[in-house]
file input-v6.cif (mmCIF, C-alpha atoms)
data_upload
loop_
_atom_site.label_atom_id
_atom_site.label_comp_id
_atom_site.auth_asym_id
_atom_site.auth_seq_id
_atom_site.Cartn_x
_atom_site.Cartn_y
_atom_site.Cartn_z
CA MET Y 1 0.00 0.00 0.00
CA GLY Y 2 1.22 3.51 0.78
CA SER Y 3 0.17 4.91 -2.60
CA HIS Y 4 0.88 8.58 -3.17
CA LEU Y 5 -2.16 8.98 -5.40
CA PRO Y 6 -4.69 11.65 -4.43
CA ASP Y 7 -7.77 10.50 -2.54
CA GLU Y 8 -10.03 11.62 -5.37
CA LEU Y 9 -8.29 9.36 -7.90
CA LEU Y 10 -8.27 6.44 -5.47
CA ALA Y 11 -12.01 6.93 -4.86
CA ARG Y 12 -12.75 6.99 -8.58
CA ARG Y 13 -10.69 3.86 -9.17
CA ALA Y 14 -12.22 2.11 -6.13
CA ALA Y 15 -15.70 2.93 -7.46
CA GLY Y 16 -14.61 1.17 -10.65
CA GLY Y 17 -13.86 -2.00 -8.70
CA ARG Y 18 -10.18 -1.66 -7.76
CA LEU Y 19 -10.18 -3.21 -4.30
CA GLU Y 20 -6.57 -2.22 -3.57
CA ASP Y 21 -7.52 1.45 -4.01
CA PHE Y 22 -10.46 1.06 -1.63
CA GLU Y 23 -8.12 -0.59 0.89
CA GLU Y 24 -5.74 2.37 0.55
CA LEU Y 25 -8.60 4.77 1.34
CA LEU Y 26 -9.48 2.62 4.37
CA SER Y 27 -5.88 2.77 5.50
CA ARG Y 28 -5.75 6.56 5.15
CA TYR Y 29 -9.04 7.27 6.93
CA ARG Y 30 -9.52 4.40 9.42
CA LYS Y 31 -8.36 6.32 12.51
CA ARG Y 32 -10.18 9.50 11.58
CA VAL Y 33 -13.44 7.66 10.92
CA TYR Y 34 -13.07 5.78 14.20
CA ARG Y 35 -12.51 9.03 16.14
CA ILE Y 36 -15.67 10.55 14.69
CA CYS Y 37 -17.65 7.39 15.42
CA TYR Y 38 -16.29 7.30 18.94
CA ARG Y 39 -17.27 10.90 19.64
CA MET Y 40 -20.72 10.38 18.14
CA ALA Y 41 -21.35 6.98 19.79
CA GLY Y 42 -19.81 7.74 23.16
CA ASN Y 43 -18.25 4.30 23.64
CA ALA Y 44 -15.63 2.10 22.03
CA GLU Y 45 -17.83 -0.91 21.26
CA ASP Y 46 -20.40 1.07 19.28
CA ALA Y 47 -17.64 3.13 17.65
CA GLU Y 48 -16.09 -0.05 16.21
CA ASP Y 49 -19.46 -1.19 14.85
CA TRP Y 50 -20.31 2.25 13.52
CA ALA Y 51 -16.92 2.61 11.79
CA GLN Y 52 -17.50 -0.73 10.06
CA GLU Y 53 -20.94 0.43 8.97
CA CYS Y 54 -19.42 3.66 7.65
CA PHE Y 55 -16.92 1.74 5.54
CA VAL Y 56 -19.65 -0.53 4.17
CA ARG Y 57 -21.67 2.56 3.23
CA LEU Y 58 -18.57 4.17 1.75
CA TYR Y 59 -18.03 1.17 -0.48
CA ARG Y 60 -21.66 1.29 -1.65
CA GLN Y 61 -21.73 5.07 -2.11
CA LEU Y 62 -18.43 5.52 -3.95
CA VAL Y 63 -20.25 5.25 -7.28
CA HIS Y 64 -22.04 8.51 -6.36
CA TYR Y 65 -18.85 10.40 -5.48
CA ASP Y 66 -17.83 13.18 -7.89
CA PRO Y 67 -14.00 13.04 -8.10
CA ARG Y 68 -13.91 16.72 -9.14
CA LEU Y 69 -14.80 17.54 -5.52
CA PRO Y 70 -12.51 17.06 -2.50
CA PHE Y 71 -12.87 13.54 -1.08
CA ALA Y 72 -12.38 14.24 2.65
CA PRO Y 73 -15.43 16.51 3.15
CA TRP Y 74 -17.58 14.07 1.17
CA LEU Y 75 -16.39 11.17 3.33
CA LEU Y 76 -16.80 13.11 6.59
CA ARG Y 77 -20.38 13.99 5.62
CA LEU Y 78 -21.11 10.33 4.87
CA VAL Y 79 -19.56 9.27 8.20
CA SER Y 80 -21.26 11.91 10.33
CA ASN Y 81 -24.67 11.33 8.68
CA THR Y 82 -24.26 7.57 9.17
CA CYS Y 83 -23.44 8.17 12.84
CA ILE Y 84 -26.50 10.39 13.29
CA ASN Y 85 -28.72 7.69 11.80
CA LEU Y 86 -27.13 5.01 13.99
CA ALA Y 87 -27.45 7.24 17.08
CA LYS Y 88 -31.14 7.76 16.37
CA ALA Y 89 -31.64 4.01 15.96
CA ARG Y 90 -29.74 3.31 19.17
CA GLY Y 91 -31.63 6.03 21.03
CA ALA Y 92 -34.86 4.32 20.11
CA ARG Y 93 -33.54 1.09 21.65
CA GLN Y 94 -31.60 2.26 24.71
CA GLY Y 95 -30.44 5.17 26.86
CA LYS Y 96 -27.09 6.88 26.95
CA MET Y 97 -23.93 4.94 27.83
CA GLU Y 98 -20.97 6.13 29.85
CA LEU Y 99 -17.34 5.22 29.23
CA GLY Y 100 -15.43 2.99 31.61
CA LEU Y 101 -11.77 3.50 32.42
CA GLU Y 102 -10.70 0.47 30.36
CA GLU Y 103 -12.52 1.71 27.26
CA ARG Y 104 -10.91 5.17 27.52
CA HIS Y 105 -7.43 3.63 27.51
CA GLU Y 106 -8.35 1.33 24.61
CA VAL Y 107 -9.70 4.25 22.58
CA ALA Y 108 -6.75 6.48 23.35
CA SER Y 109 -4.35 3.81 22.13
CA LYS Y 110 -6.31 3.23 18.91
CA ALA Y 111 -6.81 6.77 17.69
CA PRO Y 112 -5.38 9.74 19.55
CA ASP Y 113 -7.87 12.58 19.62
CA PRO Y 114 -6.75 16.18 20.28
CA LEU Y 115 -9.60 16.71 22.73
CA GLN Y 116 -9.19 13.29 24.38
CA THR Y 117 -5.47 13.75 25.05
CA THR Y 118 -6.06 16.88 27.12
CA LEU Y 119 -8.70 15.35 29.37
CA HIS Y 120 -8.25 12.84 32.17
CA GLY Y 121 -10.27 10.53 34.39
CA ASP Y 122 -13.63 11.77 35.57
CA GLU Y 123 -13.34 14.88 33.44
CA THR Y 124 -13.17 12.70 30.32
CA ARG Y 125 -16.27 10.83 31.43
CA ARG Y 126 -18.16 14.07 32.06
CA VAL Y 127 -17.16 15.58 28.72
CA ASN Y 128 -18.03 12.42 26.78
CA SER Y 129 -21.35 12.17 28.57
CA ALA Y 130 -22.11 15.84 27.87
CA ILE Y 131 -21.20 15.46 24.19
CA ALA Y 132 -23.36 12.33 23.90
CA ALA Y 133 -26.30 14.26 25.40
CA LEU Y 134 -26.21 16.92 22.65
CA SER Y 135 -28.73 16.64 19.83
CA PRO Y 136 -27.26 14.79 16.82
CA PRO Y 137 -26.74 17.94 14.67
CA LEU Y 138 -24.97 19.78 17.50
CA ARG Y 139 -22.93 16.69 18.45
CA GLN Y 140 -21.92 16.30 14.81
CA ALA Y 141 -20.82 19.95 14.51
CA VAL Y 142 -18.89 19.98 17.80
CA THR Y 143 -17.25 16.61 17.05
CA LEU Y 144 -16.04 17.67 13.63
CA ARG Y 145 -14.99 21.19 14.68
CA ILE Y 146 -13.22 20.33 17.94
CA GLY Y 147 -12.37 16.65 17.62
CA GLU Y 148 -11.33 16.75 13.96
CA GLU Y 149 -10.17 20.39 14.01
CA LEU Y 150 -12.08 21.34 10.87
CA SER Y 151 -12.23 25.02 9.98
CA PHE Y 152 -15.70 26.54 9.79
CA HIS Y 153 -15.46 26.51 5.99
CA GLU Y 154 -14.51 22.81 6.01
CA LEU Y 155 -17.28 22.11 8.51
CA ALA Y 156 -19.89 23.86 6.37
CA ALA Y 157 -18.74 21.93 3.28
CA THR Y 158 -18.75 18.65 5.19
CA LEU Y 159 -22.21 19.20 6.64
CA GLY Y 160 -23.57 20.65 3.41
CA VAL Y 161 -24.92 23.72 5.20
CA PRO Y 162 -24.20 27.47 4.94
CA LEU Y 163 -21.20 28.76 6.87
CA GLN Y 164 -23.41 30.63 9.37
CA THR Y 165 -25.42 27.48 10.09
CA ALA Y 166 -22.24 25.50 10.77
CA ALA Y 167 -20.91 28.25 13.06
CA SER Y 168 -24.26 28.51 14.83
CA ARG Y 169 -24.40 24.77 15.49
CA VAL Y 170 -20.90 24.80 16.96
CA ARG Y 171 -21.70 27.83 19.11
CA ARG Y 172 -24.97 26.34 20.39
CA GLY Y 173 -23.31 22.97 20.95
CA LEU Y 174 -20.45 24.49 22.93
CA ILE Y 175 -22.86 26.60 25.01
CA GLN Y 176 -24.92 23.50 25.83
CA LEU Y 177 -21.75 21.52 26.49
CA ARG Y 178 -20.48 24.19 28.90
CA GLU Y 179 -23.85 24.33 30.68
CA ARG Y 180 -23.97 20.54 31.06
CA LEU Y 181 -20.40 20.45 32.36
CA GLU Y 182 -21.08 23.26 34.84
CA ARG Y 183 -24.16 21.38 36.12
CA ALA Y 184 -22.14 18.18 36.44
CA GLU Y 185 -19.38 20.05 38.27
CA SER Y 186 -21.82 21.59 40.72
CA GLU Y 187 -23.38 18.17 41.37
CA VAL Y 188 -19.95 16.68 42.09
CA LYS Y 189 -19.19 19.46 44.60
CA ARG Y 190 -22.39 18.79 46.56
#

call {"tool": "encode", "arguments": {"input": "input-v6.cif", "output": "structure tokens"}}
result
Amino acid sequence: MGSHLPDELLARRAAGGRLEDFEELLSRYRKRVYRICYRMAGNAEDAEDWAQECFVRLYRQLVHYDPRLPFAPWLLRLVSNTCINLAKARGARQGKMELGLEERHEVASKAPDPLQTTLHGDETRRVNSAIAALSPPLRQAVTLRIGEELSFHELAATLGVPLQTAASRVRRGLIQLRERLERAESEVKR
């Protein structure tokens, strides 16, 4: 593997049936897709399943990809929309899940996340729980902006929304996240 071909060419060739090009795309994006799934799912077990589902959908949807457009935003939109759909399906079946210490270490070793590496212990649990409690559109925007460090322009392109909408979702998500964390902090101090 290790091809130096651009993602767009690999995607076009993979859509034409070249399995080695699809495998190269998987190799390039596996960790990033997992991180997004982890942030959206809130636990390592679901994140693994969701990442697999994202790659299955990627394989099926590659025929619809326009190689004249950047591949990464197209893929991130597919991944985040898949995660929203899976979160809705899971929400219909069960309540929110919280991360255990073992899972946090497993996740951290699989795919370092800029946000994850700055948080520790109970704080990580509180942040992950607060992120998981956001509505899917806000969770998606915060995850991609903070966790994946997308610019607002990249975020808007990925979400397929106007720049102001993307910025508004991040702002509202961060406000709600801060409020939830402040409530959790005050409950811990009681």

call {"tool": "residues_around", "arguments": {"input": "input-v6.cif", "residues": "Val170 of chain Y", "least_positions_apart": "2", "cutoff": "7 Å", "atoms": "all atoms listed in the file", "output": "PDB file with C-alpha atoms, in the coordinates of the input"}}
result
ATOM      1  CA  LEU Y 138     -24.970  19.780  17.500  1.00  0.00           C
ATOM      2  CA  ALA Y 141     -20.820  19.950  14.510  1.00  0.00           C
ATOM      3  CA  VAL Y 142     -18.890  19.980  17.800  1.00  0.00           C
ATOM      4  CA  ALA Y 166     -22.240  25.500  10.770  1.00  0.00           C
ATOM      5  CA  ALA Y 167     -20.910  28.250  13.060  1.00  0.00           C
ATOM      6  CA  SER Y 168     -24.260  28.510  14.830  1.00  0.00           C
ATOM      7  CA  ARG Y 172     -24.970  26.340  20.390  1.00  0.00           C
ATOM      8  CA  GLY Y 173     -23.310  22.970  20.950  1.00  0.00           C
ATOM      9  CA  LEU Y 174     -20.450  24.490  22.930  1.00  0.00           C
TER      10      LEU Y 174
END

call {"tool": "closest_residue", "arguments": {"input": "input-v6.cif", "among": "Y:Arg60, Y:Lys88, Y:Arg32, Y:Arg18", "to": "Ser135 of chain Y", "atoms": "all atoms listed in the file"}}
result
Y:Lys88

call {"tool": "closest_residue", "arguments": {"input": "input-v6.cif", "among": "Y:Ala132, Y:Ala72, Y:Leu78, Y:Ile175", "to": "Leu150 of chain Y", "atoms": "only C-alpha atoms"}}
result
Y:Ala72

call {"tool": "resolve_selection", "arguments": {"input": "input-v6.cif", "expression": "the PyMOL selection byres ((chain Y and resi 26) around 12)", "output": "ChimeraX atom specification"}}
result
/Y:1-2,7,10-11,14,19-25,27-34,51-52,54-56,58-59,75

call {"tool": "atom_distance", "arguments": {"input": "input-v6.cif", "atom1": "atom CA of Trp74 of chain Y", "atom2": "atom CA of Gly160 of chain Y"}}
result
9.2 Å

call {"tool": "residues_near_point", "arguments": {"input": "input-v6.cif", "point": "(-19.5, 20.5, 11.8)", "cutoff": "10 Å", "atoms": "all atoms listed in the file", "output": "short mmCIF file (atom, residue, chain, number, x, y, z; two decimals) with C-alpha atoms, keeping the file's coordinate frame"}}
result
data_model
loop_
_atom_site.label_atom_id
_atom_site.label_comp_id
_atom_site.auth_asym_id
_atom_site.auth_seq_id
_atom_site.Cartn_x
_atom_site.Cartn_y
_atom_site.Cartn_z
CA LEU Y 76 -16.80 13.11 6.59
CA ARG Y 77 -20.38 13.99 5.62
CA SER Y 80 -21.26 11.91 10.33
CA PRO Y 137 -26.74 17.94 14.67
CA LEU Y 138 -24.97 19.78 17.50
CA ARG Y 139 -22.93 16.69 18.45
CA GLN Y 140 -21.92 16.30 14.81
CA ALA Y 141 -20.82 19.95 14.51
CA VAL Y 142 -18.89 19.98 17.80
CA THR Y 143 -17.25 16.61 17.05
CA LEU Y 144 -16.04 17.67 13.63
CA ARG Y 145 -14.99 21.19 14.68
CA ILE Y 146 -13.22 20.33 17.94
CA GLY Y 147 -12.37 16.65 17.62
CA GLU Y 148 -11.33 16.75 13.96
CA GLU Y 149 -10.17 20.39 14.01
CA LEU Y 150 -12.08 21.34 10.87
CA SER Y 151 -12.23 25.02 9.98
CA PHE Y 152 -15.70 26.54 9.79
CA HIS Y 153 -15.46 26.51 5.99
CA GLU Y 154 -14.51 22.81 6.01
CA LEU Y 155 -17.28 22.11 8.51
CA ALA Y 156 -19.89 23.86 6.37
CA ALA Y 157 -18.74 21.93 3.28
CA THR Y 158 -18.75 18.65 5.19
CA LEU Y 159 -22.21 19.20 6.64
CA GLY Y 160 -23.57 20.65 3.41
CA VAL Y 161 -24.92 23.72 5.20
CA LEU Y 163 -21.20 28.76 6.87
CA THR Y 165 -25.42 27.48 10.09
CA ALA Y 166 -22.24 25.50 10.77
CA ALA Y 167 -20.91 28.25 13.06
CA SER Y 168 -24.26 28.51 14.83
CA ARG Y 169 -24.40 24.77 15.49
CA VAL Y 170 -20.90 24.80 16.96
#

call {"tool": "atom_distance", "arguments": {"input": "input-v6.cif", "atom1": "atom CA of Val63 of chain Y", "atom2": "atom CA of Ala15 of chain Y"}}
result
5.1 Å

call {"tool": "closest_residue", "arguments": {"input": "input-v6.cif", "among": "Y:Val79, Y:Ala87, Y:Ala184, Y:Ile36", "to": "Arg125 of chain Y", "atoms": "all atoms listed in the file"}}
result
Y:Ala184

call {"tool": "atom_distance", "arguments": {"input": "input-v6.cif", "atom1": "atom CA of Ala130 of chain Y", "atom2": "atom CA of Lys189 of chain Y"}}
result
17.4 Å

call {"tool": "axis_aligned_box", "arguments": {"input": "input-v6.cif", "around": "segment 167-176 of chain Y", "padding_each_side": "6 Å", "output": "lines of an AutoDock Vina configuration file"}}
result
center_x = -22.7
center_y = 25.7
center_z = 19.4
size_x = 16.5
size_y = 17.5
size_z = 24.8

call {"tool": "closest_residue", "arguments": {"input": "input-v6.cif", "among": "Y:Arg90, Y:Arg183, Y:Arg68, Y:Arg178", "to": "Ala41 of chain Y", "atoms": "only C-alpha atoms"}}
result
Y:Arg90

call {"tool": "resolve_selection", "arguments": {"input": "input-v6.cif", "expression": "the PyMOL selection byres ((chain Y and resi 86) around 10)", "output": "list in words"}}
result
Cys37, Met40, Ala41, Asp46, Asp49, Trp50, Glu53, Ser80, Asn81, Thr82, Cys83, Ile84, Asn85, Ala87, Lys88, Ala89, Arg90, Gly91 and Ala92 of chain Y

call {"tool": "closest_residue", "arguments": {"input": "input-v6.cif", "among": "Y:Glu48, Y:Glu8, Y:Arg39, Y:Pro70", "to": "Asn128 of chain Y", "atoms": "all atoms listed in the file"}}
result
Y:Arg39
